[in-house]
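Structure file my_file-v4.txt (compact mmCIF, C-alpha atoms and all ligand atoms) is printed below.
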```txt
# COMPACT_ATOMS: atom_id res chain seq x y z
CA MET A 144 -17.69 25.02 -38.94
CA LYS A 145 -17.31 27.16 -42.00
CA ILE A 146 -17.75 30.27 -39.87
CA THR A 147 -15.09 29.11 -37.40
CA VAL A 148 -12.57 28.54 -40.18
CA PHE A 149 -13.49 31.89 -41.69
CA THR A 150 -13.09 33.67 -38.33
CA ALA A 151 -9.75 31.97 -37.75
CA LEU A 152 -8.63 33.10 -41.18
CA ILE A 153 -9.69 36.68 -40.48
CA LEU A 154 -7.86 36.60 -37.14
CA THR A 155 -4.72 35.25 -38.81
CA LEU A 156 -4.83 37.83 -41.54
CA ALA A 157 -5.54 40.60 -39.08
CA SER A 158 -2.84 39.68 -36.58
CA PRO A 159 0.04 41.88 -37.77
CA THR A 160 -2.23 44.92 -37.69
CA LEU A 161 -3.58 44.18 -34.23
CA ALA A 162 -0.14 43.72 -32.67
CA CYS A 163 0.88 46.99 -34.23
CA GLU A 164 -2.01 48.98 -32.80
CA THR A 165 -1.05 52.38 -31.43
CA VAL A 166 -3.03 54.09 -28.68
CA THR A 167 -2.32 57.69 -27.79
CA SER A 168 -3.76 59.47 -24.78
CA GLY A 169 -2.50 62.98 -24.08
CA GLU A 170 1.29 62.84 -24.25
CA MET A 171 1.48 59.08 -23.76
CA THR A 172 1.66 56.66 -26.68
CA ILE A 173 1.56 52.89 -26.24
CA GLU A 174 2.05 50.43 -29.07
CA ASN A 175 3.24 46.98 -30.16
CA ALA A 176 1.49 45.16 -27.33
CA TRP A 177 2.06 41.43 -27.56
CA SER A 178 2.16 38.22 -25.58
CA ARG A 179 3.23 34.63 -26.11
CA ALA A 180 0.92 31.66 -26.44
CA THR A 181 0.81 29.51 -23.29
CA ILE A 182 0.59 25.78 -22.71
CA GLY A 183 -2.60 25.51 -20.70
CA ALA A 184 -3.59 28.10 -18.12
CA ASN A 185 -1.42 26.98 -15.19
CA ARG A 186 1.77 28.78 -16.12
CA PRO A 187 2.07 32.57 -16.14
CA ALA A 188 1.91 34.43 -19.44
CA VAL A 189 3.89 37.49 -20.39
CA PHE A 190 3.04 40.98 -21.62
CA TYR A 191 5.28 43.26 -23.66
CA VAL A 192 4.63 46.79 -24.93
CA ALA A 193 6.39 49.99 -26.00
CA ILE A 194 5.58 53.23 -24.15
CA THR A 195 6.55 56.73 -25.24
CA ASN A 196 6.14 59.82 -23.11
CA ALA A 197 6.15 62.87 -25.41
CA GLY A 198 5.39 65.21 -22.52
CA SER A 199 7.72 67.52 -20.65
CA SER A 200 7.30 65.85 -17.29
CA GLY A 201 8.11 62.37 -16.15
CA ASP A 202 5.50 59.70 -15.51
CA ALA A 203 5.51 56.11 -14.34
CA LEU A 204 3.68 52.89 -15.15
CA ILE A 205 2.36 51.73 -11.81
CA GLY A 206 0.05 48.84 -12.66
CA ILE A 207 -1.62 46.66 -15.26
CA ALA A 208 -5.03 44.99 -15.34
CA THR A 209 -6.68 42.58 -17.75
CA PRO A 210 -9.64 40.22 -17.84
CA ALA A 211 -7.19 37.58 -19.14
CA ALA A 212 -5.48 37.13 -15.76
CA SER A 213 -6.47 37.52 -12.12
CA MET A 214 -2.99 38.50 -10.93
CA PRO A 215 -1.09 40.59 -13.45
CA MET A 216 2.05 42.19 -12.15
CA LEU A 217 4.98 44.24 -13.36
CA HIS A 218 8.33 42.45 -13.25
CA GLN A 219 11.86 43.24 -14.21
CA THR A 220 14.23 40.53 -15.36
CA VAL A 221 17.65 41.35 -14.02
CA VAL A 222 20.52 39.54 -15.71
CA THR A 223 23.93 39.94 -14.15
CA GLU A 224 26.97 38.04 -15.40
CA ASP A 225 25.88 34.67 -14.15
CA ILE A 226 22.38 34.93 -12.79
CA ALA A 227 18.91 35.94 -13.92
CA SER A 228 16.05 36.75 -11.58
CA MET A 229 12.79 38.63 -12.01
CA PRO A 230 11.82 40.78 -9.07
CA HIS A 231 8.52 42.63 -8.83
CA ALA A 232 8.78 46.20 -10.23
CA MET A 233 6.76 48.59 -8.09
CA SER A 234 6.73 51.18 -10.85
CA ILE A 235 8.45 51.68 -14.18
CA PRO A 236 9.64 55.26 -14.72
CA ILE A 237 8.84 56.80 -18.11
CA ALA A 238 10.97 59.94 -18.25
CA ALA A 239 9.89 63.04 -20.21
CA GLY A 240 10.57 62.62 -23.91
CA GLN A 241 11.66 59.00 -23.47
CA SER A 242 10.51 55.58 -24.68
CA VAL A 243 10.53 52.51 -22.48
CA GLN A 244 10.15 48.97 -23.77
CA LEU A 245 8.64 46.12 -21.89
CA ALA A 246 10.59 43.53 -23.87
CA PRO A 247 12.17 40.06 -23.51
CA GLY A 248 14.94 40.04 -20.91
CA GLY A 249 13.84 43.27 -19.24
CA TYR A 250 10.64 44.79 -17.92
CA HIS A 251 7.58 42.64 -18.56
CA GLY A 252 4.07 42.12 -17.38
CA MET A 253 3.76 38.76 -15.62
CA LEU A 254 0.22 37.44 -16.08
CA MET A 255 -0.51 35.01 -13.28
CA GLY A 256 -3.85 33.35 -12.71
CA LEU A 257 -4.75 33.07 -16.39
CA THR A 258 -8.47 32.88 -17.09
CA GLU A 259 -7.74 30.49 -19.95
CA ALA A 260 -4.84 29.40 -22.12
CA LEU A 261 -3.60 32.00 -24.60
CA LYS A 262 -3.59 30.79 -28.18
CA VAL A 263 -1.85 32.23 -31.20
CA GLY A 264 -4.16 34.78 -32.84
CA ASP A 265 -6.09 35.53 -29.64
CA ASN A 266 -6.13 39.06 -28.39
CA PHE A 267 -7.13 40.56 -25.07
CA PRO A 268 -7.36 44.09 -23.61
CA MET A 269 -4.75 45.36 -21.17
CA THR A 270 -5.23 48.50 -19.12
CA LEU A 271 -2.03 50.29 -18.16
CA THR A 272 -2.23 52.62 -15.18
CA PHE A 273 0.14 55.60 -15.14
CA GLN A 274 0.82 57.80 -12.16
CA ASN A 275 -0.11 60.96 -14.08
CA ALA A 276 -1.63 59.91 -17.41
CA GLY A 277 -4.16 57.62 -15.74
CA ASP A 278 -5.55 54.52 -17.46
CA ILE A 279 -4.86 53.62 -21.09
CA THR A 280 -6.18 50.41 -22.65
CA ILE A 281 -4.61 48.57 -25.57
CA ASN A 282 -5.28 45.29 -27.37
CA VAL A 283 -2.64 42.64 -26.84
CA GLU A 284 -1.93 40.21 -29.66
CA VAL A 285 -0.96 36.65 -28.77
CA LEU A 286 1.97 35.50 -30.89
CA SER A 287 3.70 32.12 -31.05
CA ILE A 288 5.53 30.83 -27.97
CA ARG A 289 8.65 31.11 -30.15
CA ALA A 290 8.00 34.76 -31.12
CA GLU A 291 10.62 37.36 -30.31
CA GLY A 292 8.35 40.30 -31.07
CA PRO A 293 5.73 41.58 -33.48
CA ASP A 294 6.58 42.55 -37.04
CA CYS A 295 5.73 46.24 -37.02
CA GLU A 296 6.78 49.22 -39.08
CA SER A 297 7.97 51.15 -36.06
CA ASP A 298 10.94 49.97 -34.02
CA GLY A 299 8.67 48.88 -31.20
CA GLN A 300 10.69 45.79 -30.44
CA MET B 55 73.44 9.71 -1.30
CA ARG B 56 71.03 7.75 -3.39
CA LEU B 57 68.25 8.33 -0.92
CA THR B 58 68.79 12.08 -1.02
CA TYR B 59 68.53 11.96 -4.80
CA LEU B 60 65.26 10.00 -4.58
CA GLN B 61 63.98 12.42 -1.95
CA LYS B 62 64.71 15.31 -4.25
CA ILE B 63 62.73 13.67 -7.02
CA LEU B 64 59.86 12.96 -4.67
CA TRP B 65 59.83 16.51 -3.43
CA ALA B 66 59.92 17.84 -6.98
CA ALA B 67 57.07 15.51 -7.95
CA ALA B 68 55.04 16.62 -4.96
CA ALA B 69 55.65 20.26 -5.77
CA LEU B 70 54.64 19.69 -9.40
CA ALA B 71 51.52 17.82 -8.35
CA SER B 72 50.39 20.54 -6.02
CA LEU B 73 51.07 23.16 -8.70
CA ALA B 74 49.05 21.15 -11.21
CA PHE B 75 46.28 20.67 -8.69
CA GLY B 76 46.21 24.41 -8.01
CA ALA B 77 46.12 25.18 -11.73
CA TRP B 78 43.34 22.64 -12.25
CA GLN B 79 41.30 24.13 -9.41
CA PHE B 80 41.88 27.63 -10.70
CA ALA B 81 40.85 26.67 -14.24
CA GLY B 82 37.79 24.84 -12.90
CA ALA B 83 36.63 27.72 -10.75
CA ARG B 84 37.11 30.20 -13.55
CA ALA B 85 35.64 28.15 -16.34
CA PRO B 86 32.05 29.44 -16.59
CA SER B 87 32.86 33.11 -17.00
CA GLY B 88 36.03 33.12 -19.09
CA VAL B 89 36.60 32.08 -22.68
CA ASP B 90 39.83 30.09 -22.96
CA GLU B 91 39.76 27.57 -20.16
CA ALA B 92 41.20 24.15 -19.64
CA PRO B 93 38.54 21.61 -20.68
CA PHE B 94 36.37 19.94 -18.09
CA ARG B 95 33.57 17.45 -18.46
CA PRO B 96 30.26 18.40 -16.91
CA THR B 97 28.09 15.46 -16.07
CA PHE B 98 24.52 14.67 -15.09
CA ALA B 99 22.27 11.73 -14.37
CA LEU B 100 18.67 12.90 -14.69
CA PRO B 101 15.39 11.35 -15.82
CA ASP B 102 13.69 12.66 -18.95
CA ALA B 103 9.94 13.29 -19.15
CA GLU B 104 9.30 9.54 -19.61
CA GLY B 105 11.36 8.71 -16.53
CA GLN B 106 14.27 7.25 -18.47
CA MET B 107 17.63 8.09 -16.87
CA ARG B 108 19.89 10.15 -19.14
CA THR B 109 23.62 10.75 -18.82
CA PRO B 110 26.18 12.37 -21.16
CA ALA B 111 27.08 8.86 -22.42
CA ASP B 112 23.64 8.70 -24.13
CA PHE B 113 24.65 11.62 -26.33
CA ALA B 114 28.28 10.70 -27.05
CA GLY B 115 29.33 11.90 -30.49
CA LYS B 116 26.88 14.80 -30.48
CA TYR B 117 27.24 18.42 -29.52
CA LEU B 118 25.04 19.32 -26.56
CA LEU B 119 23.34 22.70 -26.15
CA VAL B 120 22.40 22.79 -22.48
CA PHE B 121 20.07 25.29 -20.83
CA PHE B 122 19.06 25.31 -17.16
CA GLY B 123 15.65 26.81 -16.46
CA PHE B 124 12.13 26.26 -15.24
CA THR B 125 8.87 26.08 -17.14
CA ASN B 126 7.11 28.73 -15.02
CA CYS B 127 9.45 31.32 -16.46
CA PRO B 128 7.62 33.32 -19.16
CA ASP B 129 10.36 35.80 -20.04
CA VAL B 130 13.96 34.54 -20.05
CA CYS B 131 13.33 30.84 -20.69
CA PRO B 132 11.12 31.15 -23.82
CA THR B 133 13.56 33.66 -25.29
CA THR B 134 16.47 31.23 -25.07
CA LEU B 135 14.46 28.15 -26.04
CA ALA B 136 13.05 30.01 -29.05
CA GLU B 137 16.62 30.74 -30.10
CA VAL B 138 17.59 27.09 -29.68
CA ALA B 139 14.56 26.12 -31.80
CA GLN B 140 15.57 28.57 -34.50
CA ILE B 141 19.14 27.24 -34.49
CA MET B 142 17.92 23.64 -34.85
CA ASP B 143 15.70 24.66 -37.78
CA ASP B 144 18.52 26.60 -39.43
CA LEU B 145 21.03 23.76 -39.03
CA GLY B 146 18.91 21.66 -41.39
CA ALA B 147 20.46 18.24 -42.00
CA GLN B 148 23.32 19.01 -39.60
CA SER B 149 20.88 19.28 -36.71
CA VAL B 150 21.23 15.51 -36.13
CA GLU B 151 24.68 16.26 -34.71
CA VAL B 152 23.29 18.62 -32.07
CA GLN B 153 21.17 17.69 -29.05
CA PRO B 154 19.50 20.49 -27.09
CA LEU B 155 18.82 19.73 -23.40
CA PHE B 156 16.60 21.66 -21.02
CA ILE B 157 17.54 20.85 -17.42
CA SER B 158 14.86 21.83 -14.93
CA ILE B 159 16.04 23.59 -11.79
CA ASP B 160 12.46 23.42 -10.47
CA PRO B 161 11.93 19.72 -11.17
CA GLU B 162 9.05 18.88 -8.87
CA ARG B 163 6.77 21.63 -10.14
CA ASP B 164 7.90 21.15 -13.75
CA ARG B 165 7.08 17.44 -13.68
CA ALA B 166 3.63 18.31 -12.31
CA LEU B 167 3.03 21.01 -14.96
CA GLY B 168 4.33 18.84 -17.80
CA LEU B 169 7.89 18.93 -19.04
CA ALA B 170 7.49 17.25 -22.44
CA GLU B 171 4.71 19.51 -23.70
CA PHE B 172 6.76 22.54 -22.68
CA THR B 173 9.91 21.55 -24.60
CA ALA B 174 7.84 20.27 -27.55
CA ALA B 175 6.14 23.66 -27.86
CA PHE B 176 9.51 25.08 -28.85
CA HIS B 177 11.09 22.25 -30.81
CA PRO B 178 10.59 18.47 -31.00
CA SER B 179 14.33 17.90 -30.70
CA ILE B 180 14.64 19.45 -27.23
CA ILE B 181 14.85 16.89 -24.41
CA GLY B 182 13.71 18.05 -20.99
CA LEU B 183 15.36 16.55 -17.89
CA ALA B 184 13.95 16.83 -14.38
CA GLY B 185 15.43 14.86 -11.51
CA GLU B 186 15.33 14.94 -7.75
CA GLY B 187 16.77 17.85 -5.80
CA ALA B 188 20.17 16.25 -5.17
CA GLN B 189 20.56 15.08 -8.79
CA THR B 190 19.70 18.58 -10.00
CA ARG B 191 22.15 20.23 -7.63
CA ALA B 192 24.89 17.78 -8.69
CA ALA B 193 24.28 18.53 -12.39
CA ALA B 194 24.37 22.29 -11.78
CA ASN B 195 27.57 21.99 -9.74
CA SER B 196 29.26 20.01 -12.47
CA PHE B 197 28.40 22.78 -14.97
CA HIS B 198 29.63 25.29 -12.36
CA ILE B 199 26.30 27.08 -12.45
CA PHE B 200 24.17 28.61 -9.77
CA PHE B 201 20.48 28.48 -9.03
CA GLU B 202 18.34 29.14 -6.01
CA ARG B 203 14.78 29.23 -4.90
CA GLU B 204 13.59 32.65 -3.80
CA ASP B 205 10.54 32.98 -1.61
CA ASP B 206 8.23 35.57 -3.12
CA VAL B 207 4.66 35.90 -1.89
CA THR B 208 3.66 37.55 -5.16
CA ALA B 209 4.93 34.66 -7.33
CA PRO B 210 2.94 31.58 -8.31
CA ASP B 211 3.09 29.03 -5.42
CA GLY B 212 4.96 31.63 -3.35
CA TYR B 213 8.38 31.23 -4.91
CA SER B 214 10.44 31.95 -7.97
CA MET B 215 13.76 30.63 -9.20
CA SER B 216 16.87 32.61 -10.03
CA HIS B 217 19.34 30.83 -12.26
CA SER B 218 22.21 31.12 -14.73
CA PRO B 219 20.56 32.03 -18.03
CA ALA B 220 23.44 31.07 -20.33
CA LEU B 221 23.50 28.33 -22.95
CA TYR B 222 26.32 25.79 -22.60
CA LEU B 223 28.01 23.99 -25.47
CA ILE B 224 29.44 20.54 -24.80
CA GLY B 225 31.55 18.76 -27.42
CA PRO B 226 31.04 15.27 -28.88
CA ASP B 227 33.62 13.86 -26.43
CA GLY B 228 31.87 15.45 -23.46
CA ASP B 229 34.26 18.36 -22.99
CA TRP B 230 32.82 21.71 -21.98
CA LEU B 231 33.52 23.99 -24.97
CA ARG B 232 32.02 27.37 -24.20
CA GLN B 233 28.97 29.26 -23.03
CA PHE B 234 26.79 31.73 -24.87
CA THR B 235 25.64 34.48 -22.52
CA TYR B 236 21.95 35.33 -22.35
CA GLY B 237 20.93 37.42 -25.35
CA THR B 238 23.58 36.09 -27.76
CA PRO B 239 21.85 36.30 -31.16
CA ALA B 240 20.78 32.93 -32.60
CA ALA B 241 22.74 33.69 -35.78
CA GLU B 242 25.97 33.96 -33.78
CA ILE B 243 25.41 30.62 -32.08
CA LEU B 244 24.52 29.08 -35.43
CA ASP B 245 27.78 30.37 -36.95
CA ASP B 246 29.78 28.94 -34.07
CA LEU B 247 28.09 25.54 -34.40
CA GLN B 248 28.45 25.42 -38.17
CA SER B 249 32.17 26.15 -37.88
CA ARG B 250 32.52 23.02 -35.71
CA LEU B 251 30.27 20.61 -37.62
CU CU A 401 8.20 37.71 -14.50
```

For the structure just supplied, provide its representation as structure tokens.
Ligand SMILES: [Cu+2]
Amino acid sequence: MKITVFTALILTLASPTLACETVTSGEMTIENAWSRATIGANRPAVFYVAITNAGSSGDALIGIATPAASMPMLHQTVVTEDIASMPHAMSIPIAAGQSVQLAPGGYHGMLMGLTEALKVGDNFPMTLTFQNAGDITINVEVLSIRAEGPDCESDGQ
Amino acid sequence: MRLTYLQKILWAAAALASLAFGAWQFAGARAPSGVDEAPFRPTFALPDAEGQMRTPADFAGKYLLVFFGFTNCPDVCPTTLAEVAQIMDDLGAQSVEVQPLFISIDPERDRALGLAEFTAAFHPSIIGLAGEGAQTRAAANSFHIFFEREDDVTAPDGYSMSHSPALYLIGPDGDWLRQFTYGTPAAEILDDLQSRL
């Protein structure tokens, strides 16, 4: 019991740091990976992240994989004047020298087939597959269902 | 002579009526996208999570913040509901004058997944409504909003919903006041509400 409370406390204290983790591989930097807590495991969860391509050639995010969900997929919310829909995004271009945000109301990872409910303070690994840069794995921090983004130093959100 | 005079009046009245009707139709059709429109009164008759039928009359005297969505929507819907929750918190004591409503456009699945726990996760004040297909369509039509089911083999249960993502503000007398487009900052909506309360 004591240990559980202690662990929970550690997780709570550690959460801002985890959500603000930065992983760099070659010219690709990914950071500010976060998700929202879910109600049960029957509704899809979401995945947001910031990606920066410091290289001189373009790349593309072509897939995501995580033990937290059996069917993760890249989506793009498209909001026109009066209608919002979220079609499947086959690939998300990351142009040379550019940053791309997977953020509320735009590109996002749609995590279907959740292994279990996501709770605030949980974290899970997410592997991003790039056309050229290959696989890069980052820890995803689960924030409140009301969160609009992590509180990080960089302008990741 | 007299008859001709009466006929003239009747013709004038008919012309006026058709003009007024045209203007009313034009205002109605335009209402959701513009800013300064003639008032209209959206209506609905939908059961809440406990099965109790709710209509605008239940909320007379309050401002309504109405959002149409579905609970299987992890991106757009939480963003707007989180804003609504923030607004209700920030309104403090004045929040009793505002009633947020979440109208499900995917009612069958939402009732099965649990509507009350979804709205409660954002804010206890939000009431979720989920009716039958025809009731839902009637409510959406009266708000002049659009939604449709899109078959998508990659989506949960093989379909997804596209819908108007705006937030609608209804006045205490039931008149449609304005809409806040998706992404309007919570602070802006809060300012608007506070100027009316
Ligand atoms: Cu999606």

Per-residue nearest contacts chain B to ligand CU 401 (chain A), cut-off 12 Å, using all atoms listed in the file, as a tab-separated table:
```
residue	atom	partner	partner_atom	distance
B:Thr125	CA	A:CU401	CU	11.9
B:Asn126	CA	A:CU401	CU	9.1
B:Cys127	CA	A:CU401	CU	6.8
B:Pro128	CA	A:CU401	CU	6.4
B:Asp129	CA	A:CU401	CU	6.2
B:Val130	CA	A:CU401	CU	8.6
B:Cys131	CA	A:CU401	CU	10.6
B:Pro132	CA	A:CU401	CU	11.8
B:Asp206	CA	A:CU401	CU	11.6
B:Thr208	CA	A:CU401	CU	10.4
B:Ala209	CA	A:CU401	CU	8.5
B:Pro210	CA	A:CU401	CU	10.2
B:Tyr213	CA	A:CU401	CU	11.6
B:Ser214	CA	A:CU401	CU	9.0
B:Met215	CA	A:CU401	CU	10.4
B:Ser216	CA	A:CU401	CU	11.0
```

Q | Close residues, Glu162 of chain B itself excluded, 9 Å, only C-alpha atoms, min 6 positions apart in chain, as a PyMOL selection string | A | chain B and resi 184-187

Using only C-alpha atoms, tabulate the residues of chain A lying at most 12 Å from any atom of chain B, each with its closest atom pair and that distance in Å to one decimal, by chain and increasing residue number, as JSON lines.
```
{"residue": "A:Ser178", "atom": "CA", "partner": "B:Pro128", "partner_atom": "CA", "distance": 9.7}
{"residue": "A:Arg179", "atom": "CA", "partner": "B:Pro128", "partner_atom": "CA", "distance": 8.3}
{"residue": "A:Ala180", "atom": "CA", "partner": "B:Ala175", "partner_atom": "CA", "distance": 9.7}
{"residue": "A:Thr181", "atom": "CA", "partner": "B:Pro128", "partner_atom": "CA", "distance": 8.8}
{"residue": "A:Ile182", "atom": "CA", "partner": "B:Phe172", "partner_atom": "CA", "distance": 7.0}
{"residue": "A:Gly183", "atom": "CA", "partner": "B:Leu167", "partner_atom": "CA", "distance": 9.2}
{"residue": "A:Ala184", "atom": "CA", "partner": "B:Leu167", "partner_atom": "CA", "distance": 10.2}
{"residue": "A:Asn185", "atom": "CA", "partner": "B:Leu167", "partner_atom": "CA", "distance": 7.4}
{"residue": "A:Arg186", "atom": "CA", "partner": "B:Asn126", "partner_atom": "CA", "distance": 5.5}
{"residue": "A:Pro187", "atom": "CA", "partner": "B:Pro128", "partner_atom": "CA", "distance": 6.4}
{"residue": "A:Ala188", "atom": "CA", "partner": "B:Pro128", "partner_atom": "CA", "distance": 5.8}
{"residue": "A:Val189", "atom": "CA", "partner": "B:Pro128", "partner_atom": "CA", "distance": 5.7}
{"residue": "A:Phe190", "atom": "CA", "partner": "B:Asp129", "partner_atom": "CA", "distance": 9.1}
{"residue": "A:Tyr191", "atom": "CA", "partner": "B:Asp129", "partner_atom": "CA", "distance": 9.7}
{"residue": "A:Ser213", "atom": "CA", "partner": "B:Pro210", "partner_atom": "CA", "distance": 11.8}
{"residue": "A:Met214", "atom": "CA", "partner": "B:Thr208", "partner_atom": "CA", "distance": 8.9}
{"residue": "A:Pro215", "atom": "CA", "partner": "B:Thr208", "partner_atom": "CA", "distance": 10.0}
{"residue": "A:Met216", "atom": "CA", "partner": "B:Thr208", "partner_atom": "CA", "distance": 8.5}
{"residue": "A:Leu217", "atom": "CA", "partner": "B:Thr208", "partner_atom": "CA", "distance": 10.7}
{"residue": "A:His218", "atom": "CA", "partner": "B:Asp129", "partner_atom": "CA", "distance": 9.7}
{"residue": "A:Gln219", "atom": "CA", "partner": "B:Asp129", "partner_atom": "CA", "distance": 9.6}
{"residue": "A:Thr220", "atom": "CA", "partner": "B:Val130", "partner_atom": "CA", "distance": 7.6}
{"residue": "A:Val221", "atom": "CA", "partner": "B:Ser216", "partner_atom": "CA", "distance": 9.6}
{"residue": "A:Val222", "atom": "CA", "partner": "B:Pro219", "partner_atom": "CA", "distance": 7.9}
{"residue": "A:Thr223", "atom": "CA", "partner": "B:Ser218", "partner_atom": "CA", "distance": 9.0}
{"residue": "A:Glu224", "atom": "CA", "partner": "B:Ser87", "partner_atom": "CA", "distance": 7.8}
{"residue": "A:Asp225", "atom": "CA", "partner": "B:Ser218", "partner_atom": "CA", "distance": 5.1}
{"residue": "A:Ile226", "atom": "CA", "partner": "B:Ser218", "partner_atom": "CA", "distance": 4.3}
{"residue": "A:Ala227", "atom": "CA", "partner": "B:His217", "partner_atom": "CA", "distance": 5.4}
{"residue": "A:Ser228", "atom": "CA", "partner": "B:Ser216", "partner_atom": "CA", "distance": 4.5}
{"residue": "A:Met229", "atom": "CA", "partner": "B:Ser216", "partner_atom": "CA", "distance": 7.5}
{"residue": "A:Pro230", "atom": "CA", "partner": "B:Asp206", "partner_atom": "CA", "distance": 8.7}
{"residue": "A:His231", "atom": "CA", "partner": "B:Thr208", "partner_atom": "CA", "distance": 7.9}
{"residue": "A:Ala232", "atom": "CA", "partner": "B:Thr208", "partner_atom": "CA", "distance": 11.3}
{"residue": "A:Met233", "atom": "CA", "partner": "B:Thr208", "partner_atom": "CA", "distance": 11.8}
{"residue": "A:Leu245", "atom": "CA", "partner": "B:Asp129", "partner_atom": "CA", "distance": 10.6}
{"residue": "A:Ala246", "atom": "CA", "partner": "B:Asp129", "partner_atom": "CA", "distance": 8.6}
{"residue": "A:Pro247", "atom": "CA", "partner": "B:Asp129", "partner_atom": "CA", "distance": 5.8}
{"residue": "A:Gly248", "atom": "CA", "partner": "B:Val130", "partner_atom": "CA", "distance": 5.7}
{"residue": "A:Gly249", "atom": "CA", "partner": "B:Asp129", "partner_atom": "CA", "distance": 8.3}
{"residue": "A:Tyr250", "atom": "CA", "partner": "B:Asp129", "partner_atom": "CA", "distance": 9.2}
{"residue": "A:His251", "atom": "CA", "partner": "B:Asp129", "partner_atom": "CA", "distance": 7.5}
{"residue": "A:Gly252", "atom": "CA", "partner": "B:Asp129", "partner_atom": "CA", "distance": 9.3}
{"residue": "A:Met253", "atom": "CA", "partner": "B:Pro128", "partner_atom": "CA", "distance": 7.6}
{"residue": "A:Leu254", "atom": "CA", "partner": "B:Pro128", "partner_atom": "CA", "distance": 9.0}
{"residue": "A:Met255", "atom": "CA", "partner": "B:Pro210", "partner_atom": "CA", "distance": 7.0}
{"residue": "A:Gly256", "atom": "CA", "partner": "B:Pro210", "partner_atom": "CA", "distance": 8.3}
{"residue": "A:Leu257", "atom": "CA", "partner": "B:Pro210", "partner_atom": "CA", "distance": 11.3}
{"residue": "A:Ser287", "atom": "CA", "partner": "B:Ala175", "partner_atom": "CA", "distance": 9.4}
{"residue": "A:Ile288", "atom": "CA", "partner": "B:Pro132", "partner_atom": "CA", "distance": 7.0}
{"residue": "A:Arg289", "atom": "CA", "partner": "B:Ala136", "partner_atom": "CA", "distance": 4.7}
{"residue": "A:Ala290", "atom": "CA", "partner": "B:Ala136", "partner_atom": "CA", "distance": 7.2}
{"residue": "A:Glu291", "atom": "CA", "partner": "B:Thr133", "partner_atom": "CA", "distance": 6.9}
{"residue": "A:Gly292", "atom": "CA", "partner": "B:Thr133", "partner_atom": "CA", "distance": 10.2}
```

Q: Using all atoms listed in the file, find the one residue out of B:Gln233, B:Ser249, B:Gln189, B:Ser158 that sits nearest to Ala99 of chain B.
A: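 Closest candidate: B:Gln189.
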
Residues at most 12 Å from Val150 of chain B, counting all atoms listed in the file, excluding those fewer than 2 positions away in the same chain, as a PDB file with C-alpha atoms, in the coordinates of the input?
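The new file selection29.pdb reads:
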```pdb
ATOM      1  CA  PHE B 113      24.650  11.620 -26.330  1.00  0.00           C
ATOM      2  CA  GLY B 115      29.330  11.900 -30.490  1.00  0.00           C
ATOM      3  CA  LYS B 116      26.880  14.800 -30.480  1.00  0.00           C
ATOM      4  CA  TYR B 117      27.240  18.420 -29.520  1.00  0.00           C
ATOM      5  CA  LEU B 118      25.040  19.320 -26.560  1.00  0.00           C
ATOM      6  CA  MET B 142      17.920  23.640 -34.850  1.00  0.00           C
ATOM      7  CA  ASP B 143      15.700  24.660 -37.780  1.00  0.00           C
ATOM      8  CA  ASP B 144      18.520  26.600 -39.430  1.00  0.00           C
ATOM      9  CA  LEU B 145      21.030  23.760 -39.030  1.00  0.00           C
ATOM     10  CA  GLY B 146      18.910  21.660 -41.390  1.00  0.00           C
ATOM     11  CA  ALA B 147      20.460  18.240 -42.000  1.00  0.00           C
ATOM     12  CA  GLN B 148      23.320  19.010 -39.600  1.00  0.00           C
ATOM     13  CA  VAL B 152      23.290  18.620 -32.070  1.00  0.00           C
ATOM     14  CA  GLN B 153      21.170  17.690 -29.050  1.00  0.00           C
ATOM     15  CA  PRO B 154      19.500  20.490 -27.090  1.00  0.00           C
ATOM     16  CA  SER B 179      14.330  17.900 -30.700  1.00  0.00           C
ATOM     17  CA  ILE B 180      14.640  19.450 -27.230  1.00  0.00           C
ATOM     18  CA  LEU B 251      30.270  20.610 -37.620  1.00  0.00           C
TER      19      LEU B 251
END
```

Write out as a PDB file with C-alpha atoms, keeping the file's coordinate frame which residues come within 9 Å of Ala193 of chain B when counting only C-alpha atoms, dropping same-chain ones fewer than 4 positions away.
```pdb
ATOM      1  CA  PRO B  96      30.260  18.400 -16.910  1.00  0.00           C
ATOM      2  CA  THR B  97      28.090  15.460 -16.070  1.00  0.00           C
ATOM      3  CA  PHE B  98      24.520  14.670 -15.090  1.00  0.00           C
ATOM      4  CA  ALA B  99      22.270  11.730 -14.370  1.00  0.00           C
ATOM      5  CA  LEU B 100      18.670  12.900 -14.690  1.00  0.00           C
ATOM      6  CA  ILE B 157      17.540  20.850 -17.420  1.00  0.00           C
ATOM      7  CA  ALA B 188      20.170  16.250  -5.170  1.00  0.00           C
ATOM      8  CA  GLN B 189      20.560  15.080  -8.790  1.00  0.00           C
ATOM      9  CA  PHE B 197      28.400  22.780 -14.970  1.00  0.00           C
ATOM     10  CA  HIS B 198      29.630  25.290 -12.360  1.00  0.00           C
ATOM     11  CA  ILE B 199      26.300  27.080 -12.450  1.00  0.00           C
TER      12      ILE B 199
END
```

Expected residue set, 7 Å radius at (9.0, 58.3, -27.0), all atoms listed in the file, as an mmCIF file with C-alpha atoms, in the frame of the given file:
```
data_model
loop_
_atom_site.group_PDB
_atom_site.id
_atom_site.type_symbol
_atom_site.label_atom_id
_atom_site.label_comp_id
_atom_site.auth_asym_id
_atom_site.auth_seq_id
_atom_site.Cartn_x
_atom_site.Cartn_y
_atom_site.Cartn_z
ATOM 1 C CA ILE A 194 5.580 53.230 -24.150
ATOM 2 C CA THR A 195 6.550 56.730 -25.240
ATOM 3 C CA ASN A 196 6.140 59.820 -23.110
ATOM 4 C CA ALA A 197 6.150 62.870 -25.410
ATOM 5 C CA GLY A 240 10.570 62.620 -23.910
ATOM 6 C CA GLN A 241 11.660 59.000 -23.470
ATOM 7 C CA SER A 242 10.510 55.580 -24.680
#
```
